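Source file: input_39.tsv (TSV, C-alpha atoms)
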```tsv
chain	number	residue	atom	x	y	z
G	1	MET	CA	-123.06	-135.76	-32.64
G	2	VAL	CA	-123.76	-132.78	-30.42
G	3	LEU	CA	-121.84	-130.54	-32.82
G	4	ALA	CA	-123.81	-131.95	-35.75
G	5	ALA	CA	-127.07	-131.20	-33.93
G	6	ILE	CA	-125.94	-127.61	-33.34
G	7	PHE	CA	-125.04	-127.13	-37.00
G	8	PHE	CA	-128.31	-128.74	-38.11
G	9	ALA	CA	-130.37	-126.44	-35.91
G	10	GLY	CA	-128.35	-123.42	-37.06
G	11	PHE	CA	-128.83	-124.20	-40.75
G	12	ILE	CA	-132.57	-124.75	-40.25
G	13	ALA	CA	-132.81	-121.41	-38.41
G	14	LEU	CA	-130.95	-119.59	-41.18
G	15	GLY	CA	-133.12	-121.17	-43.87
G	16	THR	CA	-136.29	-120.20	-42.02
G	17	TRP	CA	-134.97	-116.66	-41.58
G	18	GLN	CA	-134.46	-116.42	-45.35
G	19	VAL	CA	-138.04	-117.60	-45.92
G	20	HIS	CA	-139.25	-114.75	-43.72
G	21	ARG	CA	-136.94	-112.35	-45.58
G	22	GLU	CA	-138.46	-113.51	-48.85
G	23	SER	CA	-141.94	-112.62	-47.60
G	24	TRP	CA	-140.67	-109.22	-46.43
G	25	LYS	CA	-138.97	-108.55	-49.79
G	26	LEU	CA	-142.08	-109.47	-51.79
G	27	LYS	CA	-144.17	-107.11	-49.68
G	28	LEU	CA	-141.59	-104.35	-50.14
G	29	ILE	CA	-141.58	-104.82	-53.92
G	30	HIS	CA	-145.38	-104.77	-54.00
G	31	ASP	CA	-145.59	-101.63	-51.84
G	32	VAL	CA	-142.94	-99.77	-53.85
G	33	THR	CA	-144.49	-100.71	-57.19
G	34	THR	CA	-147.90	-99.60	-55.97
G	35	ARG	CA	-146.55	-96.25	-54.72
G	36	ALA	CA	-144.54	-95.58	-57.87
G	37	HIS	CA	-147.49	-96.09	-60.21
G	38	ALA	CA	-150.15	-94.42	-58.09
G	39	LYS	CA	-151.64	-91.00	-58.71
G	40	PRO	CA	-149.17	-88.35	-57.45
G	41	VAL	CA	-149.77	-86.88	-54.00
G	42	PRO	CA	-148.35	-83.71	-52.41
G	43	ALA	CA	-144.69	-84.11	-51.50
G	44	PRO	CA	-144.19	-84.74	-47.76
G	45	GLY	CA	-143.69	-81.60	-45.69
G	46	PRO	CA	-141.38	-81.11	-42.69
G	47	ALA	CA	-143.69	-82.97	-40.30
G	48	GLN	CA	-143.25	-86.13	-42.41
G	49	TRP	CA	-139.52	-85.97	-43.13
G	50	SER	CA	-138.63	-88.23	-40.22
G	51	SER	CA	-140.67	-91.04	-41.81
G	52	ALA	CA	-139.32	-90.54	-45.34
G	53	THR	CA	-137.68	-93.98	-45.21
G	54	ASP	CA	-141.15	-95.53	-45.40
G	55	LEU	CA	-142.05	-93.41	-48.44
G	56	ARG	CA	-139.44	-94.57	-50.94
G	57	TYR	CA	-140.57	-94.17	-54.54
G	58	LEU	CA	-143.75	-92.39	-53.52
G	59	HIS	CA	-145.21	-90.63	-56.56
G	60	VAL	CA	-145.37	-86.97	-55.57
G	61	ARG	CA	-146.16	-83.57	-57.05
G	62	LEU	CA	-144.44	-80.26	-56.43
G	63	ALA	CA	-144.92	-76.63	-57.40
G	64	GLY	CA	-142.66	-73.64	-56.91
G	65	ARG	CA	-139.61	-71.94	-58.39
G	66	TYR	CA	-136.15	-73.30	-59.03
G	67	VAL	CA	-133.41	-71.56	-57.05
G	68	ALA	CA	-130.99	-69.90	-59.48
G	69	GLY	CA	-127.26	-70.52	-59.22
G	70	LYS	CA	-127.55	-73.52	-56.88
G	71	GLN	CA	-127.49	-76.38	-59.36
G	72	THR	CA	-125.31	-79.48	-58.88
G	73	LEU	CA	-124.22	-82.11	-61.39
G	74	VAL	CA	-123.78	-85.62	-60.02
G	75	HIS	CA	-121.86	-88.30	-61.90
G	76	GLY	CA	-124.08	-91.27	-62.70
G	77	SER	CA	-125.22	-93.88	-65.18
G	78	SER	CA	-128.56	-94.42	-66.85
G	79	LYS	CA	-129.88	-96.47	-69.73
G	80	LEU	CA	-128.70	-93.59	-71.93
G	81	GLY	CA	-125.10	-94.03	-70.81
G	82	TYR	CA	-122.69	-92.42	-68.38
G	83	GLY	CA	-123.17	-88.73	-67.66
G	84	TYR	CA	-124.65	-86.50	-64.99
G	85	TRP	CA	-127.81	-86.12	-62.95
G	86	VAL	CA	-128.92	-82.50	-62.77
G	87	MET	CA	-129.86	-81.68	-59.18
G	88	THR	CA	-131.68	-78.35	-58.81
G	89	PRO	CA	-133.23	-77.01	-55.59
G	90	LEU	CA	-136.90	-76.10	-55.90
G	91	LYS	CA	-138.37	-73.64	-53.42
G	92	THR	CA	-141.90	-74.94	-53.10
G	93	ASP	CA	-145.01	-72.82	-52.74
G	94	ARG	CA	-145.33	-74.42	-49.28
G	95	GLY	CA	-142.13	-72.79	-48.04
G	96	PHE	CA	-139.62	-75.66	-47.98
G	97	ILE	CA	-136.95	-76.67	-50.48
G	98	VAL	CA	-136.68	-79.98	-52.35
G	99	LEU	CA	-133.71	-81.08	-54.41
G	100	VAL	CA	-135.10	-82.16	-57.76
G	101	ASN	CA	-133.22	-84.53	-60.02
G	102	ARG	CA	-134.36	-82.98	-63.28
G	103	GLY	CA	-132.81	-85.81	-65.25
G	104	TYR	CA	-129.79	-87.02	-67.18
G	105	VAL	CA	-127.39	-85.09	-69.41
G	106	PRO	CA	-124.39	-86.63	-71.22
G	107	ASP	CA	-122.11	-83.64	-70.53
G	108	PRO	CA	-122.03	-80.62	-68.21
G	109	ASP	CA	-122.93	-78.04	-70.86
G	110	ALA	CA	-124.47	-75.18	-68.85
G	111	SER	CA	-126.82	-74.21	-71.68
G	112	LYS	CA	-128.45	-77.62	-71.47
G	113	VAL	CA	-128.96	-77.73	-67.72
G	114	LYS	CA	-130.16	-74.20	-67.01
G	115	PRO	CA	-133.44	-74.50	-65.03
G	116	PRO	CA	-136.60	-72.95	-66.44
G	117	PRO	CA	-137.60	-69.60	-64.91
G	118	GLY	CA	-140.85	-68.76	-63.18
G	119	GLU	CA	-143.40	-71.03	-61.57
G	120	VAL	CA	-143.10	-74.72	-62.37
G	121	ALA	CA	-145.16	-77.76	-61.48
G	122	LEU	CA	-143.80	-81.28	-61.70
G	123	THR	CA	-144.32	-84.86	-60.61
G	124	GLY	CA	-141.72	-87.48	-59.74
G	125	LEU	CA	-140.60	-90.24	-57.43
G	126	LEU	CA	-139.42	-89.62	-53.88
G	127	ARG	CA	-135.90	-90.95	-53.33
G	128	LEU	CA	-133.80	-91.25	-50.20
G	129	SER	CA	-130.57	-89.32	-49.82
G	130	GLN	CA	-127.37	-91.11	-50.85
G	131	PRO	CA	-124.74	-89.78	-48.43
G	132	GLY	CA	-121.00	-90.08	-48.86
G	133	GLY	CA	-120.56	-91.04	-52.48
G	134	SER	CA	-120.54	-94.15	-54.63
G	135	PHE	CA	-119.04	-97.55	-53.80
G	136	LEU	CA	-115.61	-96.65	-55.15
G	137	ARG	CA	-115.56	-92.84	-55.08
G	138	SER	CA	-116.35	-90.40	-52.32
G	139	ASN	CA	-117.99	-87.04	-52.87
G	140	LYS	CA	-115.56	-84.11	-52.89
G	141	PRO	CA	-117.61	-80.97	-52.17
G	142	ASN	CA	-114.53	-78.74	-52.13
G	143	ARG	CA	-113.83	-79.79	-55.73
G	144	ASN	CA	-117.49	-79.83	-56.73
G	145	GLN	CA	-117.21	-83.51	-57.58
G	146	TRP	CA	-120.29	-85.53	-56.69
G	147	TYR	CA	-120.79	-89.24	-57.17
G	148	SER	CA	-124.04	-89.67	-55.23
G	149	ARG	CA	-127.16	-87.62	-54.66
G	150	ASP	CA	-126.30	-86.60	-51.12
G	151	VAL	CA	-129.06	-84.22	-50.04
G	152	ALA	CA	-127.42	-82.89	-46.87
G	153	GLY	CA	-123.99	-82.61	-48.50
G	154	ILE	CA	-125.28	-80.77	-51.56
G	155	ALA	CA	-127.48	-78.48	-49.44
G	156	LYS	CA	-124.49	-77.53	-47.29
G	157	ALA	CA	-122.21	-76.98	-50.28
G	158	ARG	CA	-124.82	-74.74	-51.92
G	159	ALA	CA	-125.49	-72.81	-48.69
G	160	LEU	CA	-129.13	-73.82	-48.56
G	161	PRO	CA	-130.87	-73.47	-45.15
G	162	ALA	CA	-130.60	-76.92	-43.58
G	163	ASP	CA	-133.90	-76.62	-41.68
G	164	LYS	CA	-135.75	-75.81	-44.91
G	165	VAL	CA	-134.37	-78.61	-47.11
G	166	ALA	CA	-136.37	-81.84	-47.36
G	167	ALA	CA	-134.64	-85.02	-46.22
G	168	TYR	CA	-135.24	-86.58	-49.65
G	169	PHE	CA	-134.88	-85.69	-53.31
G	170	VAL	CA	-137.30	-86.21	-56.19
G	171	ASP	CA	-136.58	-87.87	-59.54
G	172	ALA	CA	-138.63	-85.86	-62.04
G	173	ASP	CA	-140.96	-87.75	-64.37
G	174	ALA	CA	-140.34	-87.87	-68.11
G	175	VAL	CA	-143.13	-85.35	-68.76
G	176	THR	CA	-140.87	-82.62	-67.34
G	177	THR	CA	-138.26	-83.17	-70.05
G	178	ARG	CA	-137.68	-80.12	-72.26
G	179	PRO	CA	-136.08	-80.24	-75.74
G	180	GLY	CA	-132.31	-80.31	-75.35
G	181	GLY	CA	-132.55	-80.39	-71.56
G	182	PRO	CA	-132.13	-83.08	-68.89
G	183	VAL	CA	-133.98	-86.33	-69.65
G	184	GLY	CA	-136.30	-87.27	-66.79
G	185	GLY	CA	-138.19	-90.44	-66.03
G	186	LEU	CA	-135.11	-92.67	-65.94
G	187	THR	CA	-135.52	-93.99	-62.39
G	188	LYS	CA	-134.67	-97.67	-62.22
G	189	ILE	CA	-136.61	-99.57	-59.60
G	190	HIS	CA	-134.95	-102.86	-58.82
G	191	PHE	CA	-134.70	-104.92	-55.66
G	192	ARG	CA	-132.44	-107.94	-55.68
G	193	ASN	CA	-134.36	-110.95	-54.41
G	194	ALA	CA	-132.25	-114.07	-53.87
G	195	HIS	CA	-133.75	-115.19	-50.57
G	196	VAL	CA	-135.31	-118.38	-52.00
G	197	GLY	CA	-131.90	-119.49	-53.24
G	198	TYR	CA	-130.32	-118.72	-49.88
G	199	ALA	CA	-133.07	-120.62	-48.04
G	200	ILE	CA	-132.60	-123.68	-50.27
G	201	THR	CA	-128.85	-123.55	-49.67
G	202	TRP	CA	-129.24	-123.47	-45.87
G	203	TYR	CA	-131.83	-126.27	-45.90
G	204	LEU	CA	-129.58	-128.40	-48.12
G	205	LEU	CA	-126.72	-127.85	-45.69
G	206	ALA	CA	-129.02	-128.95	-42.87
G	207	LEU	CA	-129.97	-132.04	-44.86
G	208	GLY	CA	-126.31	-132.78	-45.58
G	209	THR	CA	-125.47	-132.42	-41.91
G	210	ALA	CA	-128.27	-134.79	-40.94
G	211	LEU	CA	-127.19	-137.38	-43.53
G	212	GLY	CA	-123.55	-137.08	-42.48
G	213	ALA	CA	-124.46	-137.49	-38.84
G	214	GLY	CA	-126.59	-140.51	-39.74
G	215	ILE	CA	-123.72	-142.14	-41.62
G	216	VAL	CA	-121.32	-141.54	-38.72
G	217	ALA	CA	-123.83	-142.90	-36.22
G	218	ARG	CA	-124.39	-145.99	-38.35
G	219	GLN	CA	-120.64	-146.63	-38.62
G	220	GLN	CA	-120.24	-146.24	-34.86
G	221	TRP	CA	-123.13	-148.63	-34.28
G	222	ARG	CA	-121.54	-151.22	-36.58
G	223	ALA	CA	-118.17	-150.77	-34.89
G	224	ARG	CA	-119.77	-151.47	-31.50
G	225	ASP	CA	-121.38	-154.65	-32.87
G	226	VAL	CA	-118.03	-155.85	-34.20
G	227	SER	CA	-116.38	-155.13	-30.86
G	228	ALA	CA	-119.15	-157.02	-29.05
G	229	ASP	CA	-118.50	-160.08	-31.23
```
Full structure transcribed into structure tokens:
Amino acid sequence: MVLAAIFFAGFIALGTWQVHRESWKLKLIHDVTTRAHAKPVPAPGPAQWSSATDLRYLHVRLAGRYVAGKQTLVHGSSKLGYGYWVMTPLKTDRGFIVLVNRGYVPDPDASKVKPPPGEVALTGLLRLSQPGGSFLRSNKPNRNQWYSRDVAGIAKARALPADKVAAYFVDADAVTTRPGGPVGGLTKIHFRNAHVGYAITWYLLALGTALGAGIVARQQWRARDVSAD
């Protein structure tokens, strides 16, 4: 019975934890959705890079010039199919560099991914770096094979000054798409939210434990009555 009580308390605690996680996830979804659809604000500068984690999917604006010869193609999928994300460093008019995901291309044709010259202005969503690679494939900088948008890794491979490169990258909005060029605005915002199901599962296990313990206790009580007779 003591063991049953421990399991019951544990299942109740886990269910309650999932309820709290559900509240946290709903707030996160609300905050992200609000940021993503808000009016764009200036991209965070160096003083804010340490808090970039709290700025996921912030709608930002940038102005500056793309850095020639430093482009990187990253394997990836979009609603248009499997292809590449075109990552191009932008030297901003504020002095720092931001890797910009200009969008999707189906193949690595250089004529399609060449960045526009001169001053550019764009808007997009702030994204966090994706170090290391994808779930099944690691980035191979020495082979120029990239499977995730690893800001630090790409900056190092392209010999960009580490202290000048933002700790995030920006997914360009669709309005930046040029004919025949990378297709922007394909960011998929999705947060898996299964906490209610998990909470119900833990609470059902707690209920099952309580019922099982009750049945065992009842049988023991009956056995004692029979022995007393």
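Note that atom CA of Tyr66 of chain G and atom CA of Pro116 of chain G are 7.4 Å apart.
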Point-to-point distance in Å for atom CA of Leu122 of chain G and atom CA of Ala63 of chain G: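 Taking atom CA of Ala63 of chain G as the start and atom CA of Leu122 of chain G as the end point, the length is 6.4 Å.
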Residues of segment 60-111 of chain G at most 7 Å from segment 160-180 of chain G: nearest atom pair and distance in Å, all atoms listed in the file, as a tab-separated table:
```
residue	atom	partner	partner_atom	distance
G:Phe96	CA	G:Lys164	CA	4.9
G:Ile97	CA	G:Val165	CA	4.7
G:Val98	CA	G:Ala166	CA	5.3
G:Leu99	CA	G:Phe169	CA	4.9
G:Val100	CA	G:Val170	CA	4.9
G:Asn101	CA	G:Asp171	CA	4.8
G:Arg102	CA	G:Ala172	CA	5.3
G:Gly103	CA	G:Ala172	CA	6.6
```
I need the residues from that last selection saved to file as an mmCIF file, keeping the file's coordinate frame (with C-alpha atoms), if you can.
```cif
data_model
loop_
_atom_site.group_PDB
_atom_site.id
_atom_site.type_symbol
_atom_site.label_atom_id
_atom_site.label_comp_id
_atom_site.auth_asym_id
_atom_site.auth_seq_id
_atom_site.Cartn_x
_atom_site.Cartn_y
_atom_site.Cartn_z
ATOM 1 C CA PHE G 96 -139.620 -75.660 -47.980
ATOM 2 C CA ILE G 97 -136.950 -76.670 -50.480
ATOM 3 C CA VAL G 98 -136.680 -79.980 -52.350
ATOM 4 C CA LEU G 99 -133.710 -81.080 -54.410
ATOM 5 C CA VAL G 100 -135.100 -82.160 -57.760
ATOM 6 C CA ASN G 101 -133.220 -84.530 -60.020
ATOM 7 C CA ARG G 102 -134.360 -82.980 -63.280
ATOM 8 C CA GLY G 103 -132.810 -85.810 -65.250
#
```
Interatomic distance, atom CA of Arg143 of chain G to atom CA of Lys156 of chain G (Å, one decimal):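 These atoms are spaced 13.8 Å apart.
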Can you tell me, as AutoDock Vina command-line options, the centre and edge lengths (Å, one decimal) of the axis-aligned box enclosing all of segment 121-130 of chain G's listed atoms after padding each side by 8 Å?
```
--center_x -136.3 --center_y -84.5 --center_z -55.8 --size_x 33.8 --size_y 29.5 --size_z 27.9
```
Selected residue of minimal separation from Ser77 of chain G among G:Ile200, G:Pro106, G:Thr34, G:Ile154, counting only C-alpha atoms: G:Pro106
Using only C-alpha atoms: which of G:Leu58, G:Val196, G:Leu125, G:Leu205 has the shortest distance to Gly10 of chain G: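 When distances to Gly10 of chain G are compared using only C-alpha atoms, the smallest one comes from G:Leu205.
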Residues near Gly83 of chain G, cut-off 6 Å, all atoms listed in the file, skip fewer than 2 positions along chain, as a PyMOL selection string: chain G and resi 75-76+105-107
Counting only C-alpha atoms, the residue of G:Arg127, G:Arg192, G:Arg21, G:Arg137 that sits nearest Val151 of chain G: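 Once distances to Val151 of chain G are computed over only C-alpha atoms, the minimum belongs to G:Arg127.
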Non-local contacts of Pro141 of chain G (7 Å; all atoms listed in the file; under 4 positions in same chain excluded) as an MDAnalysis selection string: chainID G and resid 145:146 157
Nearest residue to Ala155 of chain G from the set G:Lys70, G:Lys39, G:His59, G:Lys27 (distances using all atoms listed in the file):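 Residue with the minimum atom-to-atom distance to Ala155 of chain G: G:Lys70.
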Nearest to Ala199 of chain G, chosen from G:Gly15, G:Leu55, G:Thr88, G:Ile6, with only C-alpha atoms counted in the distances: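 Checking each of G:Gly15, G:Leu55, G:Thr88, G:Ile6 against Ala199 of chain G, counting only C-alpha atoms, the winner is G:Gly15.
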